[in-house]
file entry29.cif (mmCIF, C-alpha atoms and all ligand atoms)
data_model
loop_
_atom_site.label_atom_id
_atom_site.label_comp_id
_atom_site.auth_asym_id
_atom_site.auth_seq_id
_atom_site.Cartn_x
_atom_site.Cartn_y
_atom_site.Cartn_z
CA MET A 52 155.70 103.67 118.65
CA THR A 53 153.33 106.50 119.26
CA CYS A 54 153.76 109.99 120.46
CA ILE A 55 154.69 110.11 124.09
CA HIS A 56 151.57 112.01 125.06
CA ASP A 57 149.26 109.88 123.04
CA HIS A 58 147.79 107.38 125.45
CA ASP A 59 146.09 105.27 122.90
CA HIS A 60 148.39 102.28 123.14
CA ALA A 61 145.78 99.66 122.38
CA HIS A 62 147.39 98.57 119.15
CA ASP A 63 151.01 99.40 119.50
CA HIS A 64 153.07 96.64 118.09
CA ALA A 65 156.36 98.05 119.22
CA ASN A 66 156.38 98.11 122.95
CA VAL A 67 158.99 100.73 123.54
CA ASP A 68 160.43 101.59 126.93
CA LYS A 69 161.59 105.02 128.00
CA ASP A 70 165.28 104.49 127.21
CA THR A 71 164.44 103.27 123.74
CA GLN A 72 162.22 106.25 123.12
CA GLU A 73 165.07 108.51 124.08
CA MET A 74 167.29 106.59 121.74
CA LEU A 75 164.81 107.26 119.00
CA ASN A 76 165.39 110.95 118.93
CA ARG A 77 165.44 112.52 115.54
CA ARG A 78 169.14 112.86 115.03
CA ARG A 79 169.80 109.21 115.71
CA ILE A 80 167.05 108.15 113.39
CA VAL A 81 168.50 110.27 110.63
CA GLN A 82 171.96 108.90 111.32
CA ALA A 83 170.74 105.34 111.35
CA LEU A 84 168.85 105.81 108.12
CA ALA A 85 171.80 107.55 106.51
CA ALA A 86 173.86 104.51 107.49
CA GLY A 87 171.73 102.22 105.34
CA GLY A 88 168.03 102.69 105.79
CA ALA A 89 165.67 102.02 102.92
CA LEU A 90 164.11 105.44 103.19
CA THR A 91 165.72 108.79 103.53
CA VAL A 92 164.00 111.15 105.85
CA SER A 93 163.83 114.62 104.47
CA ALA A 94 163.57 117.63 106.71
CA PRO A 95 159.93 118.57 106.10
CA ALA A 96 158.83 114.99 106.57
CA LEU A 97 160.47 114.89 109.94
CA SER A 98 157.52 116.23 111.75
CA GLY A 99 157.81 113.77 114.61
CA CYS A 100 154.71 114.23 116.71
CA ALA A 101 152.05 116.16 114.88
CA THR A 102 148.34 116.49 115.48
CA ASN A 103 146.32 115.24 112.57
CA PRO A 104 143.71 117.90 111.77
CA GLU A 105 141.16 115.32 110.61
CA THR A 106 141.34 112.94 113.55
CA GLY A 107 142.53 115.37 116.22
CA LYS A 108 145.01 112.69 117.31
CA LYS A 109 148.74 112.99 117.71
CA GLN A 110 150.78 111.01 115.24
CA PHE A 111 154.38 109.93 115.12
CA LEU A 112 155.47 110.58 111.55
CA LEU A 113 158.87 110.13 109.98
CA VAL A 114 157.82 110.12 106.34
CA GLY A 115 155.72 112.34 104.16
CA GLU A 116 153.03 111.44 101.68
CA GLY A 117 155.28 112.31 98.74
CA GLN A 118 157.82 109.66 99.66
CA LEU A 119 155.15 107.08 100.30
CA SER A 120 153.51 107.89 97.01
CA GLN A 121 156.77 107.10 95.23
CA MET A 122 157.08 103.83 97.11
CA ALA A 123 153.50 102.91 96.33
CA ALA A 124 153.75 103.65 92.61
CA SER A 125 155.33 100.29 91.88
CA SER A 126 152.86 98.41 94.11
CA TRP A 127 150.01 100.04 92.20
CA ALA A 128 151.52 99.17 88.83
CA GLU A 129 152.13 95.63 89.99
CA ALA A 130 148.57 95.22 91.24
CA LYS A 131 147.27 96.28 87.83
CA ARG A 132 149.70 94.00 86.03
CA LYS A 133 148.80 90.96 88.10
CA THR A 134 145.03 91.33 88.10
CA PRO A 135 143.08 92.33 85.02
CA THR A 136 141.27 95.61 85.42
CA SER A 137 137.79 96.26 84.15
CA ARG A 138 137.13 98.88 81.48
CA ASP A 139 133.41 98.42 81.91
CA PRO A 140 132.02 101.95 82.36
CA ARG A 141 129.26 100.64 84.60
CA TYR A 142 132.04 99.97 87.07
CA LEU A 143 134.88 102.39 86.42
CA ASP A 144 132.81 105.47 85.59
CA ARG A 145 130.57 104.86 88.52
CA LEU A 146 133.51 104.48 90.87
CA GLN A 147 135.18 107.59 89.48
CA SER A 148 132.13 109.78 89.78
CA ILE A 149 131.25 108.67 93.32
CA GLY A 150 134.93 108.90 94.17
CA SER A 151 135.33 112.49 93.07
CA ARG A 152 132.22 113.49 95.00
CA VAL A 153 133.48 111.83 98.18
CA ALA A 154 136.94 113.36 97.65
CA ARG A 155 135.32 116.80 97.46
CA GLY A 156 133.46 115.98 100.67
CA ALA A 157 136.86 115.42 102.25
CA ASN A 158 138.26 118.69 100.82
CA LYS A 159 140.49 116.65 98.58
CA GLY A 160 138.68 117.31 95.35
CA SER A 161 141.50 119.35 93.87
CA GLU A 162 143.96 116.48 94.20
CA GLN A 163 144.65 113.84 91.61
CA TRP A 164 142.91 110.52 92.28
CA ASP A 165 143.52 107.25 90.54
CA TYR A 166 140.87 104.54 90.40
CA ALA A 167 140.96 100.96 89.24
CA VAL A 168 138.33 98.24 89.25
CA PHE A 169 139.86 94.78 89.38
CA ASP A 170 138.00 92.12 87.52
CA GLN A 171 137.65 89.75 90.43
CA ASP A 172 134.81 88.57 92.57
CA THR A 173 136.50 89.62 95.80
CA LYS A 174 134.70 91.76 98.33
CA ASN A 175 137.58 94.06 98.91
CA ALA A 176 138.88 97.55 98.30
CA PHE A 177 142.06 99.35 99.24
CA VAL A 178 143.85 102.63 98.99
CA LEU A 179 147.55 103.15 98.36
CA PRO A 180 149.51 106.28 99.15
CA GLY A 181 149.23 108.79 96.34
CA ASN A 182 145.40 108.64 96.27
CA ARG A 183 145.23 105.32 94.42
CA VAL A 184 141.96 103.56 95.07
CA GLY A 185 141.42 99.97 94.07
CA PHE A 186 138.04 98.24 94.10
CA TYR A 187 137.30 94.63 93.23
CA LYS A 188 134.24 94.00 91.14
CA GLY A 189 132.85 91.77 93.90
CA MET A 190 132.88 94.72 96.28
CA MET A 191 130.98 96.91 93.87
CA ASP A 192 128.41 94.20 93.26
CA PHE A 193 127.98 93.69 96.97
CA ALA A 194 127.36 97.38 97.61
CA GLU A 195 124.10 97.78 95.74
CA THR A 196 123.62 101.54 96.03
CA ASP A 197 125.84 104.53 95.23
CA ASP A 198 125.61 105.48 98.89
CA GLN A 199 127.10 102.15 99.93
CA ILE A 200 129.92 102.51 97.45
CA ALA A 201 130.40 106.02 98.84
CA ALA A 202 130.68 104.47 102.31
CA ILE A 203 133.58 102.28 101.21
CA LEU A 204 135.19 105.15 99.31
CA GLY A 205 134.80 107.38 102.35
CA HIS A 206 136.51 104.74 104.44
CA GLU A 207 139.43 104.57 102.00
CA VAL A 208 139.71 108.36 101.83
CA GLY A 209 139.76 108.26 105.64
CA HIS A 210 142.92 106.16 105.50
CA VAL A 211 144.46 108.91 103.37
CA THR A 212 143.44 111.91 105.47
CA GLY A 213 144.18 109.95 108.64
CA ARG A 214 147.71 109.47 107.24
CA HIS A 215 147.52 105.88 108.32
CA ALA A 216 150.10 104.57 105.86
CA ALA A 217 152.63 107.17 106.96
CA GLU A 218 151.96 106.35 110.59
CA ARG A 219 152.40 102.66 110.01
CA VAL A 220 155.59 103.09 108.01
CA SER A 221 156.93 105.38 110.70
CA GLN A 222 156.13 102.81 113.36
CA GLN A 223 157.85 100.14 111.34
CA MET A 224 160.86 102.35 110.73
CA ALA A 225 161.13 103.05 114.43
CA GLY A 226 160.67 99.38 115.25
CA GLN A 227 163.28 98.44 112.71
CA LEU A 228 165.72 100.90 114.18
CA VAL A 229 165.20 99.42 117.59
CA VAL A 230 165.92 95.98 116.22
CA GLN A 231 168.81 97.25 114.15
CA GLY A 232 170.20 98.71 117.34
CA GLY A 233 169.65 95.30 118.85
CA THR A 234 171.50 93.47 116.08
CA ALA A 235 174.37 95.93 116.33
CA ILE A 236 174.60 95.08 120.01
CA ALA A 237 174.27 91.39 119.21
CA GLY A 238 177.11 91.81 116.69
CA GLN A 239 179.28 93.44 119.30
CA GLN A 240 178.55 90.65 121.76
CA LEU A 241 179.42 88.02 119.20
CA GLY A 242 182.64 89.88 118.44
CA LYS A 243 183.51 90.01 122.12
CA LYS A 244 182.89 86.30 122.41
CA CYS A 245 185.30 85.60 119.54
CA ARG A 246 187.91 87.73 121.21
CA SER A 247 187.58 86.14 124.63
CA GLU A 248 187.73 82.68 123.06
CA ALA A 249 190.96 83.61 121.32
CA GLU A 250 192.31 85.18 124.48
CA ALA A 251 191.52 82.05 126.46
CA LEU A 252 193.78 80.09 124.11
CA ILE A 253 196.78 82.22 124.90
CA ALA A 254 196.04 83.05 128.51
CA GLY A 255 198.89 82.25 130.89
CA ARG A 256 201.16 80.93 128.18
CA THR A 257 204.61 82.28 127.59
CA GLN A 258 205.57 80.30 124.52
CA ILE A 259 203.35 79.99 121.45
CA SER A 260 204.70 78.71 118.20
CA ARG A 261 204.36 80.74 115.07
CA GLU A 262 202.03 78.10 113.56
CA GLU A 263 199.82 78.15 116.59
CA GLN A 264 199.69 81.96 116.59
CA TYR A 265 198.61 81.78 112.99
CA ARG A 266 195.94 79.19 113.80
CA ILE A 267 194.54 81.24 116.66
CA ARG A 268 194.43 84.39 114.59
CA ARG A 269 192.68 82.58 111.77
CA GLY A 270 190.17 81.12 114.16
CA TYR A 271 189.51 84.56 115.56
CA GLU A 272 189.00 86.06 112.09
CA GLN A 273 186.65 83.26 111.06
CA CYS A 274 184.70 83.74 114.24
CA LEU A 275 184.40 87.47 113.54
CA SER A 276 183.26 87.04 109.97
CA GLY A 277 180.67 84.51 111.15
CA ALA A 278 179.38 87.10 113.63
CA HIS A 279 179.27 89.69 110.89
CA ARG A 280 177.34 87.34 108.58
CA LYS A 281 174.80 86.55 111.27
CA THR A 282 174.23 90.24 111.89
CA GLN A 283 173.84 90.89 108.18
CA LEU A 284 171.34 88.07 107.75
CA LEU A 285 169.30 89.38 110.60
CA ASN A 286 169.27 92.87 109.12
CA ALA A 287 168.30 91.61 105.68
CA ALA A 288 165.41 89.63 107.10
CA LEU A 289 164.16 92.69 108.89
CA GLY A 290 164.47 94.91 105.85
CA MET A 291 162.28 92.71 103.66
CA GLY A 292 158.66 93.34 103.02
CA PHE A 293 158.73 96.91 104.08
CA MET A 294 155.73 97.87 101.98
CA VAL A 295 154.00 94.52 102.18
CA GLY A 296 153.05 94.87 105.79
CA VAL A 297 151.87 98.42 105.55
CA VAL A 298 148.67 98.69 103.59
CA LEU A 299 146.57 95.69 104.47
CA PRO A 300 146.88 95.12 108.16
CA TYR A 301 145.77 98.46 109.48
CA SER A 302 145.17 98.53 113.19
CA ARG A 303 141.73 98.52 114.67
CA LYS A 304 142.25 102.11 115.72
CA HIS A 305 142.89 103.09 112.08
CA GLU A 306 139.91 101.12 110.82
CA THR A 307 137.61 102.83 113.31
CA GLN A 308 138.98 106.26 112.43
CA SER A 309 138.44 105.55 108.75
CA ASP A 310 134.89 104.38 109.33
CA LEU A 311 133.95 107.59 111.11
CA LEU A 312 135.85 109.84 108.72
CA GLY A 313 134.14 108.01 105.87
CA ALA A 314 130.69 108.72 107.31
CA LYS A 315 131.64 112.37 107.71
CA TYR A 316 132.82 112.64 104.10
CA MET A 317 129.69 110.86 102.87
CA HIS A 318 127.55 113.35 104.70
CA LYS A 319 129.55 116.31 103.37
CA ALA A 320 129.27 114.90 99.86
CA GLY A 321 125.50 114.65 100.18
CA TYR A 322 125.24 110.88 100.53
CA ASP A 323 123.21 109.18 103.22
CA PRO A 324 125.66 108.21 105.97
CA TYR A 325 123.20 105.65 107.36
CA GLN A 326 123.98 103.57 104.30
CA SER A 327 127.38 102.84 105.87
CA VAL A 328 125.50 101.24 108.77
CA LYS A 329 123.47 99.26 106.26
CA LEU A 330 126.60 98.11 104.51
CA TRP A 331 128.16 96.80 107.70
CA GLU A 332 124.98 95.09 108.75
CA LYS A 333 124.96 93.39 105.40
CA MET A 334 128.60 92.43 105.86
CA ALA A 335 127.71 90.91 109.22
CA GLU A 336 125.04 88.78 107.60
CA ASN A 337 127.34 87.72 104.83
CA ASN A 338 129.30 84.78 106.07
CA THR A 339 132.03 84.45 103.50
CA ARG A 340 135.05 82.56 104.64
CA ARG A 341 137.52 84.87 102.96
CA GLN A 342 137.05 88.11 104.74
CA PRO A 343 137.58 91.41 103.03
CA GLU A 344 140.14 93.92 104.22
CA PHE A 345 137.58 95.71 106.31
CA MET A 346 136.76 92.61 108.23
CA SER A 347 140.22 91.18 108.60
CA THR A 348 141.42 93.65 111.15
CA HIS A 349 139.56 92.87 114.34
CA PRO A 350 136.44 95.01 114.63
CA ASP A 351 133.53 92.81 113.80
CA PRO A 352 131.07 94.21 111.27
CA SER A 353 128.09 94.43 113.58
CA ARG A 354 130.16 96.40 116.04
CA ARG A 355 131.26 98.70 113.25
CA ALA A 356 127.66 99.18 112.21
CA ARG A 357 126.74 100.07 115.79
CA ASP A 358 129.65 102.51 116.19
CA LEU A 359 128.74 104.20 112.94
CA TYR A 360 125.12 104.44 113.95
CA ASN A 361 126.02 106.02 117.30
CA TYR A 362 128.41 108.41 115.63
CA ILE A 363 125.92 109.56 113.00
CA LYS A 364 123.13 109.98 115.57
CA TYR A 365 125.47 112.02 117.73
CA GLN A 366 126.46 114.31 114.86
CA GLU A 367 122.81 114.89 114.11
CA ARG A 368 122.11 115.73 117.75
CA LEU A 369 124.92 118.30 117.65
CA GLY A 370 123.00 120.14 114.94
CA SER A 371 125.02 122.94 113.37
CA GLN A 372 128.04 121.89 115.48
CA GLY A 373 127.91 118.43 114.02
CA TRP A 374 130.08 116.69 111.47
CA GLU A 375 133.21 118.63 112.36
CA SER A 376 135.10 115.93 114.21
CA ILE A 377 135.08 112.19 114.67
CA ALA A 378 134.49 112.44 118.39
CA MET A 379 132.15 109.74 119.64
CA PRO A 380 129.44 110.32 122.23
CA LYS A 381 130.40 109.28 125.76
CA ASN A 382 129.26 105.78 126.82
CA SER A 383 128.63 104.53 123.34
ZN ZN B 1 140.45 100.01 106.01
#

call {"tool": "encode", "arguments": {"input": "entry29.cif", "output": "C-alpha cells", "more": "lines below"}}
Ligand SMILES: [Zn+2]
result
Amino acid sequence: MTCIHDHDHAHDHANVDKDTQEMLNRRRIVQALAAGGALTVSAPALSGCATNPETGKKQFLLVGEGQLSQMAASSWAEAKRKTPTSRDPRYLDRLQSIGSRVARGANKGSEQWDYAVFDQDTKNAFVLPGNRVGFYKGMMDFAETDDQIAAILGHEVGHVTGRHAAERVSQQMAGQLVVQGGTAIAGQQLGKKCRSEAEALIAGRTQISREEQYRIRRGYEQCLSGAHRKTQLLNAALGMGFMVGVVLPYSRKHETQSDLLGAKYMHKAGYDPYQSVKLWEKMAENNTRRQPEFMSTHPDPSRRARDLYNYIKYQERLGSQGWESIAMPKNS
C-alpha cells in the first residue's frame, strides 16, 4: 500500500486494486481498528499521504512515531534482557559520542537517543522506533574507523527520519485490513453455506417431525459456530507478529534511502562520507554466511557502495546546492 500518486511500486507487498484502495479510506480504517485492531489510530497520526521532508517521497502513514515508540519499548527491553550488553566504554562511549554527532547532523540532536552495544560477535546493527540504536560488538569491530561507525549510525538514523517503521506498520495495517475484510467475507460465505445446507434438508417437505427439526437446527448451529471458529483462527494468525516483521526486513527502497540519508548526515556531521563506500566495499569482500541486516534485504554491498559513491560525487558537483536532498544523478 503506497500513496496513490507514488509510482514507486517496486517493493509493494500488498498489491491493492482500485476498489480495495477505495475501501481503505480513513473512516473505514478507523472503524475497523475500533472493532478490534491492535493499534488505535489517533487523529494527528492519521496523516494518510504525506510527503516526507527528508526523502521528498510521499508516504502512506496511519501511525505516528509516539505510538510506535510505545510498541517498541518492550522489544528494546527484551533485546537487552536476552543478549548481554557491554559496559565497556571503548564501545558504548564511542558509539554514544559518534551517535550524538550524527544525530546533530540529521537535526535530531535535541532528541533523546538510546544506545546499546550487545556483547556478540554479530556484524549487525538496528534501530527501533523511539531513537533506540543497537549495535553488536562484531559490527563495531568490523568498522575500524569512527567514520565507518558513523556510516552505519547515519544509515540507522536514516530509517528514523525516513519514517520507515511507521510506513511499514501502516502497510501491514492496511494489508491486514484487506485480509480482515476478506475473512469477514469468507465468514459470511461459510454462514450462507450452512444456511443453504439446512434449507436443502427441508426443501419441498411438508411434514417434519419435531425431532428432525431439532436435529436440523442443531446441525445448522454447529455449522455456524464452526464457520465462526475458522474466521477467528484466521484473524488470530494474521494478528500475530505485528512488530516482528517490521524492523528487520526493510524493503530495498528503504535501505537505499537510508544509505543516502546516512551519507548526508555523515557529511553534515563532519565525517568523511566516502568511508561509507569503503565500508560497503569491505562488506562485499567479507563473505560471511550469516549476513547482517544491511545485506539481508536485497541490494548487494558492491552495488550499495557504487550508489553511495555516485551520490556523494553528485553532491560534491552540486557545490553549495549539494547535500540538501537524496536525489541521485540521472543515469547512475
Ligand atoms: Zn537498514

call {"tool": "residues_around", "arguments": {"input": "entry29.cif", "residues": "A:Lys329", "least_positions_apart": "3", "cutoff": "10 Å", "atoms": "all atoms listed in the file", "output": "MDAnalysis selection string"}}
result
chainID A and resid 194 198:199 202 324:326 332:335 353 356 359:360

call {"tool": "atom_distance", "arguments": {"input": "entry29.cif", "atom1": "atom CA of A:Tyr301", "atom2": "atom CA of A:Ala216"}}
result
8.3 Å

call {"tool": "closest_residue", "arguments": {"input": "entry29.cif", "among": "A:Gly370, A:Leu330, A:Phe177, A:Gly242", "to": "ligand ZN 1 (chain B)", "atoms": "only C-alpha atoms and all ligand atoms"}}
result
A:Phe177

call {"tool": "closest_residue", "arguments": {"input": "entry29.cif", "among": "A:Ile363, A:Ile200, A:Leu369, A:Ala130", "to": "A:Gly150", "atoms": "all atoms listed in the file"}}
result
A:Ile200

call {"tool": "atom_distance", "arguments": {"input": "entry29.cif", "atom1": "atom CA of A:Glu207", "atom2": "atom CA of A:Val178"}}
result
5.7 Å

call {"tool": "closest_residue", "arguments": {"input": "entry29.cif", "among": "A:Gly107, A:Pro135, A:Gly209, A:Pro140", "to": "ligand ZN 1 (chain B)", "atoms": "all atoms listed in the file"}}
result
A:Gly209

call {"tool": "closest_residue", "arguments": {"input": "entry29.cif", "among": "A:Leu311, A:Ala278, A:Leu112, A:Leu143", "to": "ligand ZN 1 (chain B)", "atoms": "all atoms listed in the file"}}
result
A:Leu311

call {"tool": "build_atoms", "arguments": {"input": "entry29.cif", "residues": "stretch 175-195 of chain A", "atoms": "N, CA and C atoms", "output": "tab-separated table (two decimals), in the frame of the given file"}}
result
chain	number	residue	atom	x	y	z
A	175	ASN	N	136.45	93.37	98.32
A	175	ASN	CA	137.58	94.06	98.91
A	175	ASN	C	137.84	95.38	98.18
A	176	ALA	N	138.47	96.27	98.88
A	176	ALA	CA	138.88	97.55	98.30
A	176	ALA	C	140.09	98.00	99.09
A	177	PHE	N	140.89	98.86	98.51
A	177	PHE	CA	142.06	99.35	99.24
A	177	PHE	C	142.46	100.71	98.71
A	178	VAL	N	143.30	101.36	99.46
A	178	VAL	CA	143.85	102.63	98.99
A	178	VAL	C	145.36	102.58	99.21
A	179	LEU	N	146.10	103.07	98.23
A	179	LEU	CA	147.55	103.15	98.36
A	179	LEU	C	147.94	104.62	98.44
A	180	PRO	N	149.05	104.90	99.10
A	180	PRO	CA	149.51	106.28	99.15
A	180	PRO	C	149.61	106.88	97.75
A	181	GLY	N	149.27	108.14	97.64
A	181	GLY	CA	149.23	108.79	96.34
A	181	GLY	C	147.81	108.75	95.78
A	182	ASN	N	146.81	108.61	96.67
A	182	ASN	CA	145.40	108.64	96.27
A	182	ASN	C	145.05	107.60	95.21
A	183	ARG	N	145.53	106.39	95.38
A	183	ARG	CA	145.23	105.32	94.42
A	183	ARG	C	144.23	104.37	95.05
A	184	VAL	N	143.04	104.34	94.48
A	184	VAL	CA	141.96	103.56	95.07
A	184	VAL	C	141.65	102.35	94.21
A	185	GLY	N	141.73	101.20	94.79
A	185	GLY	CA	141.42	99.97	94.07
A	185	GLY	C	140.15	99.31	94.62
A	186	PHE	N	139.26	98.95	93.73
A	186	PHE	CA	138.04	98.24	94.10
A	186	PHE	C	138.01	96.93	93.33
A	187	TYR	N	137.56	95.87	93.97
A	187	TYR	CA	137.30	94.63	93.23
A	187	TYR	C	135.84	94.66	92.80
A	188	LYS	N	135.60	94.05	91.67
A	188	LYS	CA	134.24	94.00	91.14
A	188	LYS	C	133.27	93.45	92.19
A	189	GLY	N	133.70	92.40	92.89
A	189	GLY	CA	132.85	91.77	93.90
A	189	GLY	C	132.39	92.75	94.96
A	190	MET	N	133.23	93.70	95.28
A	190	MET	CA	132.88	94.72	96.28
A	190	MET	C	131.81	95.64	95.74
A	191	MET	N	131.96	96.01	94.46
A	191	MET	CA	130.98	96.91	93.87
A	191	MET	C	129.63	96.23	93.69
A	192	ASP	N	129.67	94.93	93.40
A	192	ASP	CA	128.41	94.20	93.26
A	192	ASP	C	127.72	94.05	94.61
A	193	PHE	N	128.53	93.88	95.63
A	193	PHE	CA	127.98	93.69	96.97
A	193	PHE	C	127.30	94.97	97.47
A	194	ALA	N	127.94	96.10	97.21
A	194	ALA	CA	127.36	97.38	97.61
A	194	ALA	C	126.37	97.78	96.52
A	195	GLU	N	125.09	97.64	96.82
A	195	GLU	CA	124.10	97.78	95.74
A	195	GLU	C	123.82	99.24	95.39
